[in-house]
$ cat input.csv   # CSV, C-alpha atoms
chain,number,residue,atom,x,y,z
P,1,GLU,CA,-110.1,22.0,29.5
P,2,LYS,CA,-107.5,21.7,32.2
P,3,MET,CA,-103.8,22.2,31.5
P,4,GLU,CA,-101.2,20.7,33.8
P,5,PHE,CA,-97.4,21.0,33.5
P,6,ARG,CA,-94.3,20.6,35.7
P,7,LEU,CA,-90.8,21.6,34.9
P,8,VAL,CA,-89.0,19.0,37.0
P,9,GLY,CA,-90.6,15.6,37.9
P,10,ARG,CA,-93.9,14.5,36.5
P,11,CYS,CA,-97.3,16.0,36.0
P,12,TRP,CA,-99.7,15.8,38.9
P,13,GLN,CA,-103.3,16.8,39.4
P,14,GLN,CA,-102.7,17.6,43.1
P,15,ALA,CA,-100.4,20.0,44.8
P,16,MET,CA,-98.2,17.4,46.6
P,17,GLY,CA,-95.5,15.5,44.6
P,18,MET,CA,-92.3,13.6,44.9
P,19,TYR,CA,-89.3,13.7,42.6
P,20,GLU,CA,-85.6,12.7,42.7
P,21,ASN,CA,-83.0,15.5,43.1
P,22,THR,CA,-80.4,14.2,40.7
P,23,PRO,CA,-78.5,15.9,37.9
P,24,GLU,CA,-80.1,13.5,35.4
P,25,ALA,CA,-83.6,14.4,36.5
P,26,LYS,CA,-82.9,18.1,36.4
P,27,ALA,CA,-81.2,17.9,33.0
P,28,ALA,CA,-83.9,15.8,31.3
P,29,PRO,CA,-85.1,17.7,28.2
P,30,LEU,CA,-88.4,19.3,28.4
P,31,ASN,CA,-90.9,18.3,25.7
P,32,ILE,CA,-94.5,17.5,25.4
P,33,ASN,CA,-94.0,13.7,25.4
P,34,ARG,CA,-91.6,13.5,28.4
P,35,PHE,CA,-94.2,11.8,30.6
P,36,LYS,CA,-96.1,10.0,27.9
P,37,ASP,CA,-95.0,6.6,29.2
P,38,GLN,CA,-96.5,7.4,32.6
P,39,ALA,CA,-100.0,8.1,31.2
P,40,GLY,CA,-102.4,5.2,31.7
P,41,ALA,CA,-106.1,4.5,31.5
P,42,GLY,CA,-106.8,6.6,34.6
P,43,GLY,CA,-107.1,3.7,37.1
P,44,GLU,CA,-105.8,3.4,40.6
P,45,ASP,CA,-102.2,2.5,39.5
P,46,ASP,CA,-102.0,5.8,37.6
P,47,ARG,CA,-102.2,7.7,40.9
P,48,VAL,CA,-99.1,6.1,42.3
P,49,ILE,CA,-95.9,8.2,42.1
P,50,SER,CA,-93.0,5.7,41.8
P,51,LEU,CA,-89.3,6.2,42.0
P,52,ALA,CA,-86.5,3.7,42.0
P,53,HIS,CA,-82.8,3.9,42.9
P,54,VAL,CA,-80.0,1.3,42.9
P,55,PHE,CA,-77.1,2.2,45.2
P,56,PRO,CA,-73.6,1.7,43.7
P,57,GLN,CA,-72.1,-1.8,44.4
P,58,ALA,CA,-68.6,-0.3,44.7
P,59,ALA,CA,-69.7,1.8,47.7
P,60,ALA,CA,-71.0,-1.3,49.5
P,61,GLU,CA,-67.8,-3.3,48.7
P,62,ALA,CA,-65.7,-0.4,50.1
P,63,GLY,CA,-67.8,-0.2,53.2
P,64,GLU,CA,-68.9,3.3,52.4
P,65,GLU,CA,-72.3,4.9,53.0
P,66,ALA,CA,-74.2,5.8,49.8
P,67,THR,CA,-76.9,8.5,49.6
P,68,TYR,CA,-79.8,9.5,47.3
P,69,GLU,CA,-82.0,12.6,47.7
P,70,VAL,CA,-85.8,12.6,47.1
P,71,VAL,CA,-87.7,15.9,47.3
P,72,MET,CA,-91.3,16.1,48.6
P,73,SER,CA,-92.9,19.2,47.2
P,74,ASN,CA,-96.1,21.2,47.6
P,75,CYS,CA,-96.7,23.5,44.6
P,76,GLY,CA,-100.0,24.7,46.1
P,77,ALA,CA,-100.2,28.2,47.5
P,78,LYS,CA,-102.7,27.8,50.3
P,79,ALA,CA,-102.5,24.6,52.3
P,80,PRO,CA,-99.7,22.6,53.8
P,81,GLY,CA,-99.3,18.9,53.1
P,82,ASP,CA,-97.6,16.0,54.7
P,83,PHE,CA,-95.8,12.8,53.7
P,84,SER,CA,-95.2,9.5,55.4
P,85,PHE,CA,-93.8,6.0,54.6
P,86,GLU,CA,-95.2,2.8,56.2
P,87,ASN,CA,-92.6,0.1,56.1
P,88,VAL,CA,-89.5,2.0,57.3
P,89,LYS,CA,-88.6,-0.6,59.9
P,90,GLU,CA,-88.3,-3.3,57.2
P,91,ALA,CA,-86.0,-1.0,55.1
P,92,GLU,CA,-83.8,-0.2,58.2
P,93,GLU,CA,-83.3,-4.0,58.7
P,94,MET,CA,-81.8,-4.1,55.2
P,95,GLY,CA,-79.5,-1.1,55.7
P,96,PHE,CA,-81.7,1.7,54.3
P,97,THR,CA,-82.6,4.8,56.3
P,98,LEU,CA,-84.8,7.8,55.5
P,99,ASP,CA,-84.1,11.3,57.0
P,100,PRO,CA,-86.9,12.3,57.7
P,101,PRO,CA,-89.2,9.3,57.1
P,102,SER,CA,-92.3,11.6,57.5
P,103,GLY,CA,-92.9,15.3,57.7
P,104,LYS,CA,-94.8,18.4,56.8
P,105,VAL,CA,-94.4,20.4,53.6
P,106,ASP,CA,-95.5,24.1,53.7
P,107,ALA,CA,-97.5,25.6,50.9
P,108,GLY,CA,-95.2,26.5,48.0
P,109,GLY,CA,-92.3,24.7,49.6
P,110,SER,CA,-90.3,21.5,49.5
P,111,VAL,CA,-88.6,19.1,51.9
P,112,PRO,CA,-85.5,17.1,50.9
P,113,MET,CA,-85.5,13.5,52.2
P,114,LEU,CA,-82.1,11.9,52.3
P,115,VAL,CA,-82.1,8.1,51.7
P,116,LYS,CA,-78.9,6.4,53.0
P,117,TYR,CA,-77.6,2.9,52.5
P,118,ASN,CA,-75.1,1.2,54.7
P,119,ALA,CA,-74.7,-2.4,53.7
P,120,PRO,CA,-75.4,-4.7,56.7
P,121,ASP,CA,-73.0,-7.4,57.7
P,122,GLY,CA,-73.1,-10.1,55.0
P,123,SER,CA,-74.3,-13.6,55.1
P,124,GLY,CA,-72.5,-16.4,53.2
P,125,LEU,CA,-73.5,-15.1,49.8
P,126,ALA,CA,-73.4,-11.8,48.0
P,127,MET,CA,-76.9,-10.5,47.3
P,128,TRP,CA,-79.0,-7.4,46.5
P,129,ASN,CA,-81.2,-6.1,49.2
P,130,THR,CA,-84.4,-4.8,47.7
P,131,VAL,CA,-87.3,-3.0,49.4
P,132,ILE,CA,-90.3,-1.1,48.1
P,133,LEU,CA,-91.2,1.7,50.6
P,134,ARG,CA,-94.9,2.5,50.4
P,135,GLY,CA,-96.2,5.9,51.6
P,136,GLN,CA,-98.7,8.6,51.1
P,137,LEU,CA,-98.8,12.3,50.3
P,138,LYS,CA,-101.7,14.2,51.9
P,139,GLY,CA,-103.0,17.7,51.9
P,140,GLY,CA,-102.0,20.6,49.7
P,141,ASP,CA,-104.3,22.7,47.6
P,142,PRO,CA,-105.6,21.2,45.3
P,143,ALA,CA,-105.8,18.2,47.6
P,144,PRO,CA,-105.5,14.7,46.1
P,145,GLN,CA,-108.6,12.8,45.1
P,146,GLY,CA,-109.5,10.4,47.8
P,147,GLY,CA,-107.5,12.3,50.4
P,148,ALA,CA,-104.1,10.8,49.6
P,149,VAL,CA,-101.7,9.9,46.8
P,150,PRO,CA,-99.9,6.7,47.1
P,151,VAL,CA,-96.1,6.8,46.6
P,152,GLU,CA,-93.6,4.0,46.1
P,153,LEU,CA,-89.8,4.2,46.5
P,154,MET,CA,-88.0,1.1,45.3
P,155,LEU,CA,-84.4,0.8,46.7
P,156,ARG,CA,-81.7,-1.7,46.0
P,157,GLY,CA,-78.4,-2.0,47.7
P,158,PHE,CA,-75.6,-4.6,47.4
P,159,GLN,CA,-74.7,-6.7,50.4
P,160,CYS,CA,-71.2,-8.2,50.3
P,161,PRO,CA,-70.6,-11.8,51.4
P,162,LYS,CA,-69.4,-12.3,55.0
P,163,LYS,CA,-65.6,-12.1,55.2
P,164,GLU,CA,-64.0,-14.9,57.1

$ encode --input "input.csv" --output "structure tokens"
Amino acid sequence: EKMEFRLVGRCWQQAMGMYENTPEAKAAPLNINRFKDQAGAGGEDDRVISLAHVFPQAAAEAGEEATYEVVMSNCGAKAPGDFSFENVKEAEEMGFTLDPPSGKVDAGGSVPMLVKYNAPDGSGLAMWNTVILRGQLKGGDPAPQGGAVPVELMLRGFQCPKKE
């Protein structure tokens, strides 16, 4: 029998993982059913690590930059891993930037990735910009089944109407 646990984030079968670095995530109570809603039938969709964040509308209306931190981690002790996102250009066109958009994570380490949102110049209407960044986590020990774990990061940011 295999026992898996993680104090912050979710349970993973591989060394590489992704979690949000927020007070809410860190303060979530630890109990055996914490990740029960994430358990599925063991299909391809169960392998995807998904996070979502909505940037504050007030920051966009004030013309301020808003930030959100995601941590790429490697809880393995032997091998480094890496992460990368595919559709970064699409996100940048909507005002989202990743720093860094890809990188290496040493064994037993973590790399913070800062996501920033600067609302682009508006059109005639107020609207929400939404993008789902798709990426991969590779490497680590134990390595993910199939060589990589798919990750998704859904971001939403408000775009104010064009001022005349």

$ atom_distance --input "input.csv" --atom1 "atom CA of Gln14 of chain P" --atom2 "atom CA of Ile132 of chain P"
23.0 Å

$ closest_residue --input "input.csv" --among "P:Met113, P:Arg47, P:Gly108, P:Glu92" --to "Tyr19 of chain P" --atoms "all atoms listed in the file"
P:Met113

$ atom_distance --input "input.csv" --atom1 "atom CA of Ser73 of chain P" --atom2 "atom CA of Asn87 of chain P"
21.1 Å

$ closest_residue --input "input.csv" --among "P:Met18, P:Ala107, P:Ala126, P:Ala143" --to "Gly76 of chain P" --atoms "only C-alpha atoms"
P:Ala107

$ atom_distance --input "input.csv" --atom1 "atom CA of Ala79 of chain P" --atom2 "atom CA of Val149 of chain P"
15.7 Å

$ residues_around --input "input.csv" --residues "Pro101 of chain P" --least-positions-apart "6" --cutoff "10 Å" --atoms "only C-alpha atoms" --output "list in words"
Phe83, Ser84, Phe85, Glu86, Asn87, Val88, Met113, Leu114, Val115 and Gly135 of chain P

$ residues_near_point --input "input.csv" --point "(-94.5, 8.4, 42.9)" --cutoff "10 Å" --atoms "all atoms listed in the file" --output "VMD selection string"
chain P and resid 9 to 10 12 17 to 20 46 to 52 134 to 137 149 to 153

$ closest_residue --input "input.csv" --among "P:Gly81, P:Pro100, P:Gly95, P:Gly122" --to "Gly147 of chain P" --atoms "only C-alpha atoms"
P:Gly81

$ axis_aligned_box --input "input.csv" --around "segment 122-131 of chain P" --padding-each-side "5 Å" --output "JSON"
{"center_x": -79.9, "center_y": -9.7, "center_z": 50.8, "size_x": 24.8, "size_y": 23.4, "size_z": 18.6}

$ residues_around --input "input.csv" --residues "Ala60 of chain P" --least-positions-apart "5" --cutoff "8 Å" --atoms "only C-alpha atoms" --output "MDAnalysis selection string"
chainID P and resid 65:66 118:119 157:160

$ closest_residue --input "input.csv" --among "P:Ala58, P:Leu125, P:Val105, P:Ala91" --to "Gly139 of chain P" --atoms "only C-alpha atoms"
P:Val105

$ decode --input "input.csv" --residues "segment 10-164 of chain P" --atoms "C-alpha atoms" --output "PDB file, in the first residue's frame"
ATOM      1  CA  ARG P  10      -2.547  18.809  -3.015  1.00  0.00           C
ATOM      2  CA  CYS P  11      -1.406  15.200  -3.054  1.00  0.00           C
ATOM      3  CA  TRP P  12       0.814  14.182  -5.948  1.00  0.00           C
ATOM      4  CA  GLN P  13       2.257  10.850  -7.027  1.00  0.00           C
ATOM      5  CA  GLN P  14       5.298  12.554  -8.563  1.00  0.00           C
ATOM      6  CA  ALA P  15       7.943  14.860  -7.055  1.00  0.00           C
ATOM      7  CA  MET P  16       7.023  17.960  -9.103  1.00  0.00           C
ATOM      8  CA  GLY P  17       4.022  20.070  -8.101  1.00  0.00           C
ATOM      9  CA  MET P  18       2.423  23.495  -8.334  1.00  0.00           C
ATOM     10  CA  TYR P  19       0.547  25.370  -5.598  1.00  0.00           C
ATOM     11  CA  GLU P  20      -0.531  28.919  -4.856  1.00  0.00           C
ATOM     12  CA  ASN P  21       1.385  30.913  -2.276  1.00  0.00           C
ATOM     13  CA  THR P  22      -1.503  32.680  -0.572  1.00  0.00           C
ATOM     14  CA  PRO P  23      -2.452  33.039   3.098  1.00  0.00           C
ATOM     15  CA  GLU P  24      -5.723  31.224   2.354  1.00  0.00           C
ATOM     16  CA  ALA P  25      -3.928  28.188   0.899  1.00  0.00           C
ATOM     17  CA  LYS P  26      -1.402  28.107   3.737  1.00  0.00           C
ATOM     18  CA  ALA P  27      -4.107  28.440   6.417  1.00  0.00           C
ATOM     19  CA  ALA P  28      -6.426  25.746   5.033  1.00  0.00           C
ATOM     20  CA  PRO P  29      -7.149  23.196   7.751  1.00  0.00           C
ATOM     21  CA  LEU P  30      -5.380  19.872   7.421  1.00  0.00           C
ATOM     22  CA  ASN P  31      -7.689  16.896   7.412  1.00  0.00           C
ATOM     23  CA  ILE P  32      -7.981  13.618   5.611  1.00  0.00           C
ATOM     24  CA  ASN P  33     -10.797  14.817   3.303  1.00  0.00           C
ATOM     25  CA  ARG P  34      -9.127  18.082   2.244  1.00  0.00           C
ATOM     26  CA  PHE P  35      -8.472  16.909  -1.318  1.00  0.00           C
ATOM     27  CA  LYS P  36     -11.402  14.515  -1.634  1.00  0.00           C
ATOM     28  CA  ASP P  37     -13.096  16.719  -4.257  1.00  0.00           C
ATOM     29  CA  GLN P  38      -9.978  16.403  -6.448  1.00  0.00           C
ATOM     30  CA  ALA P  39     -10.027  12.604  -6.467  1.00  0.00           C
ATOM     31  CA  GLY P  40     -11.428  11.077  -9.626  1.00  0.00           C
ATOM     32  CA  ALA P  41     -11.560   7.820 -11.472  1.00  0.00           C
ATOM     33  CA  GLY P  42      -7.855   7.857 -12.327  1.00  0.00           C
ATOM     34  CA  GLY P  43      -8.217   9.107 -15.897  1.00  0.00           C
ATOM     35  CA  GLU P  44      -6.130  11.635 -17.834  1.00  0.00           C
ATOM     36  CA  ASP P  45      -8.017  14.596 -16.296  1.00  0.00           C
ATOM     37  CA  ASP P  46      -6.990  13.509 -12.796  1.00  0.00           C
ATOM     38  CA  ARG P  47      -3.339  14.115 -13.640  1.00  0.00           C
ATOM     39  CA  VAL P  48      -3.893  17.816 -14.406  1.00  0.00           C
ATOM     40  CA  ILE P  49      -2.923  20.190 -11.600  1.00  0.00           C
ATOM     41  CA  SER P  50      -5.243  23.202 -11.942  1.00  0.00           C
ATOM     42  CA  LEU P  51      -5.216  26.569 -10.227  1.00  0.00           C
ATOM     43  CA  ALA P  52      -7.378  29.618 -10.864  1.00  0.00           C
ATOM     44  CA  HIS P  53      -7.089  33.263  -9.862  1.00  0.00           C
ATOM     45  CA  VAL P  54      -9.236  36.353 -10.434  1.00  0.00           C
ATOM     46  CA  PHE P  55      -7.345  39.630 -10.144  1.00  0.00           C
ATOM     47  CA  PRO P  56      -9.178  42.430  -8.259  1.00  0.00           C
ATOM     48  CA  GLN P  57     -11.369  44.651 -10.400  1.00  0.00           C
ATOM     49  CA  ALA P  58     -10.520  47.641  -8.195  1.00  0.00           C
ATOM     50  CA  ALA P  59      -6.826  47.379  -9.134  1.00  0.00           C
ATOM     51  CA  ALA P  60      -7.664  47.506 -12.849  1.00  0.00           C
ATOM     52  CA  GLU P  61      -9.999  50.471 -12.360  1.00  0.00           C
ATOM     53  CA  ALA P  62      -7.236  52.313 -10.461  1.00  0.00           C
ATOM     54  CA  GLY P  63      -4.700  51.488 -13.189  1.00  0.00           C
ATOM     55  CA  GLU P  64      -2.576  49.489 -10.720  1.00  0.00           C
ATOM     56  CA  GLU P  65      -0.624  46.300 -11.296  1.00  0.00           C
ATOM     57  CA  ALA P  66      -1.966  43.245  -9.459  1.00  0.00           C
ATOM     58  CA  THR P  67       0.161  40.198  -8.567  1.00  0.00           C
ATOM     59  CA  TYR P  68      -0.363  36.538  -7.680  1.00  0.00           C
ATOM     60  CA  GLU P  69       2.337  34.058  -6.655  1.00  0.00           C
ATOM     61  CA  VAL P  70       2.428  30.414  -7.704  1.00  0.00           C
ATOM     62  CA  VAL P  71       5.131  28.065  -6.431  1.00  0.00           C
ATOM     63  CA  MET P  72       6.666  25.310  -8.531  1.00  0.00           C
ATOM     64  CA  SER P  73       8.056  22.685  -6.170  1.00  0.00           C
ATOM     65  CA  ASN P  74      10.140  19.545  -6.304  1.00  0.00           C
ATOM     66  CA  CYS P  75       9.797  17.441  -3.152  1.00  0.00           C
ATOM     67  CA  GLY P  76      12.122  14.756  -4.536  1.00  0.00           C
ATOM     68  CA  ALA P  77      15.601  14.358  -3.098  1.00  0.00           C
ATOM     69  CA  LYS P  78      17.566  13.158  -6.133  1.00  0.00           C
ATOM     70  CA  ALA P  79      16.698  14.701  -9.493  1.00  0.00           C
ATOM     71  CA  PRO P  80      15.933  18.244 -10.679  1.00  0.00           C
ATOM     72  CA  GLY P  81      12.770  19.030 -12.593  1.00  0.00           C
ATOM     73  CA  ASP P  82      11.520  21.778 -14.846  1.00  0.00           C
ATOM     74  CA  PHE P  83       8.329  23.629 -15.704  1.00  0.00           C
ATOM     75  CA  SER P  84       7.119  25.504 -18.757  1.00  0.00           C
ATOM     76  CA  PHE P  85       3.944  27.117 -20.100  1.00  0.00           C
ATOM     77  CA  GLU P  86       2.905  27.013 -23.755  1.00  0.00           C
ATOM     78  CA  ASN P  87       0.589  29.928 -24.522  1.00  0.00           C
ATOM     79  CA  VAL P  88       2.430  32.751 -22.745  1.00  0.00           C
ATOM     80  CA  LYS P  89       2.203  35.077 -25.790  1.00  0.00           C
ATOM     81  CA  GLU P  90      -1.608  34.853 -25.763  1.00  0.00           C
ATOM     82  CA  ALA P  91      -1.641  35.751 -22.056  1.00  0.00           C
ATOM     83  CA  GLU P  92       0.704  38.718 -22.582  1.00  0.00           C
ATOM     84  CA  GLU P  93      -1.652  40.157 -25.205  1.00  0.00           C
ATOM     85  CA  MET P  94      -4.359  40.222 -22.507  1.00  0.00           C
ATOM     86  CA  GLY P  95      -2.118  41.920 -19.918  1.00  0.00           C
ATOM     87  CA  PHE P  96      -0.862  38.863 -17.970  1.00  0.00           C
ATOM     88  CA  THR P  97       2.876  38.201 -17.525  1.00  0.00           C
ATOM     89  CA  LEU P  98       4.734  35.314 -15.866  1.00  0.00           C
ATOM     90  CA  ASP P  99       8.082  35.773 -14.168  1.00  0.00           C
ATOM     91  CA  PRO P 100       9.657  33.315 -14.984  1.00  0.00           C
ATOM     92  CA  PRO P 101       7.477  31.555 -17.607  1.00  0.00           C
ATOM     93  CA  SER P 102       9.715  28.461 -17.459  1.00  0.00           C
ATOM     94  CA  GLY P 103      12.593  27.216 -15.380  1.00  0.00           C
ATOM     95  CA  LYS P 104      14.421  24.547 -13.441  1.00  0.00           C
ATOM     96  CA  VAL P 105      13.570  23.369  -9.918  1.00  0.00           C
ATOM     97  CA  ASP P 106      16.385  21.731  -7.971  1.00  0.00           C
ATOM     98  CA  ALA P 107      15.710  18.577  -5.968  1.00  0.00           C
ATOM     99  CA  GLY P 108      14.092  19.476  -2.656  1.00  0.00           C
ATOM    100  CA  GLY P 109      13.583  23.077  -3.764  1.00  0.00           C
ATOM    101  CA  SER P 110      10.947  25.426  -5.051  1.00  0.00           C
ATOM    102  CA  VAL P 111      10.754  28.344  -7.472  1.00  0.00           C
ATOM    103  CA  PRO P 112       8.234  31.161  -7.011  1.00  0.00           C
ATOM    104  CA  MET P 113       6.551  32.308 -10.212  1.00  0.00           C
ATOM    105  CA  LEU P 114       5.035  35.781 -10.044  1.00  0.00           C
ATOM    106  CA  VAL P 115       1.975  36.354 -12.206  1.00  0.00           C
ATOM    107  CA  LYS P 116       1.240  40.023 -12.903  1.00  0.00           C
ATOM    108  CA  TYR P 117      -1.789  41.677 -14.455  1.00  0.00           C
ATOM    109  CA  ASN P 118      -1.744  45.134 -16.003  1.00  0.00           C
ATOM    110  CA  ALA P 119      -5.057  45.840 -17.679  1.00  0.00           C
ATOM    111  CA  PRO P 120      -4.512  46.704 -21.351  1.00  0.00           C
ATOM    112  CA  ASP P 121      -6.077  49.799 -22.903  1.00  0.00           C
ATOM    113  CA  GLY P 122      -9.791  49.225 -23.017  1.00  0.00           C
ATOM    114  CA  SER P 123     -12.145  48.896 -25.922  1.00  0.00           C
ATOM    115  CA  GLY P 124     -15.619  50.412 -25.959  1.00  0.00           C
ATOM    116  CA  LEU P 125     -16.905  47.984 -23.334  1.00  0.00           C
ATOM    117  CA  ALA P 126     -15.845  46.799 -19.902  1.00  0.00           C
ATOM    118  CA  MET P 127     -14.933  43.115 -19.986  1.00  0.00           C
ATOM    119  CA  TRP P 128     -13.090  40.308 -18.227  1.00  0.00           C
ATOM    120  CA  ASN P 129      -9.966  38.958 -19.919  1.00  0.00           C
ATOM    121  CA  THR P 130      -9.681  35.218 -19.310  1.00  0.00           C
ATOM    122  CA  VAL P 131      -6.871  32.888 -20.316  1.00  0.00           C
ATOM    123  CA  ILE P 132      -6.024  29.309 -19.392  1.00  0.00           C
ATOM    124  CA  LEU P 133      -2.268  28.844 -19.445  1.00  0.00           C
ATOM    125  CA  ARG P 134      -1.322  25.257 -20.207  1.00  0.00           C
ATOM    126  CA  GLY P 135       2.032  23.836 -19.236  1.00  0.00           C
ATOM    127  CA  GLN P 136       4.015  20.844 -18.067  1.00  0.00           C
ATOM    128  CA  LEU P 137       6.032  19.719 -15.086  1.00  0.00           C
ATOM    129  CA  LYS P 138       8.841  17.308 -15.982  1.00  0.00           C
ATOM    130  CA  GLY P 139      11.535  15.471 -14.077  1.00  0.00           C
ATOM    131  CA  GLY P 140      11.982  15.029 -10.378  1.00  0.00           C
ATOM    132  CA  ASP P 141      12.282  11.723  -8.532  1.00  0.00           C
ATOM    133  CA  PRO P 142       9.829  10.036  -8.632  1.00  0.00           C
ATOM    134  CA  ALA P 143       9.225  11.221 -12.184  1.00  0.00           C
ATOM    135  CA  PRO P 144       5.668  11.657 -13.437  1.00  0.00           C
ATOM    136  CA  GLN P 145       4.006   8.815 -15.310  1.00  0.00           C
ATOM    137  CA  GLY P 146       4.250   9.442 -19.029  1.00  0.00           C
ATOM    138  CA  GLY P 147       7.165  11.860 -18.582  1.00  0.00           C
ATOM    139  CA  ALA P 148       5.200  15.029 -17.734  1.00  0.00           C
ATOM    140  CA  VAL P 149       2.307  16.269 -15.641  1.00  0.00           C
ATOM    141  CA  PRO P 150      -0.033  18.731 -17.346  1.00  0.00           C
ATOM    142  CA  VAL P 151      -0.790  21.938 -15.437  1.00  0.00           C
ATOM    143  CA  GLU P 152      -3.395  24.623 -16.024  1.00  0.00           C
ATOM    144  CA  LEU P 153      -3.471  28.135 -14.631  1.00  0.00           C
ATOM    145  CA  MET P 154      -6.735  29.993 -15.280  1.00  0.00           C
ATOM    146  CA  LEU P 155      -6.369  33.784 -14.943  1.00  0.00           C
ATOM    147  CA  ARG P 156      -9.028  36.500 -15.100  1.00  0.00           C
ATOM    148  CA  GLY P 157      -8.465  40.242 -15.085  1.00  0.00           C
ATOM    149  CA  PHE P 158     -10.844  43.149 -15.562  1.00  0.00           C
ATOM    150  CA  GLN P 159     -10.427  45.501 -18.507  1.00  0.00           C
ATOM    151  CA  CYS P 160     -12.001  48.936 -18.089  1.00  0.00           C
ATOM    152  CA  PRO P 161     -13.850  50.600 -20.948  1.00  0.00           C
ATOM    153  CA  LYS P 162     -11.867  53.051 -23.030  1.00  0.00           C
ATOM    154  CA  LYS P 163     -11.990  56.558 -21.568  1.00  0.00           C
ATOM    155  CA  GLU P 164     -12.890  59.276 -24.006  1.00  0.00           C
TER     156      GLU P 164
END
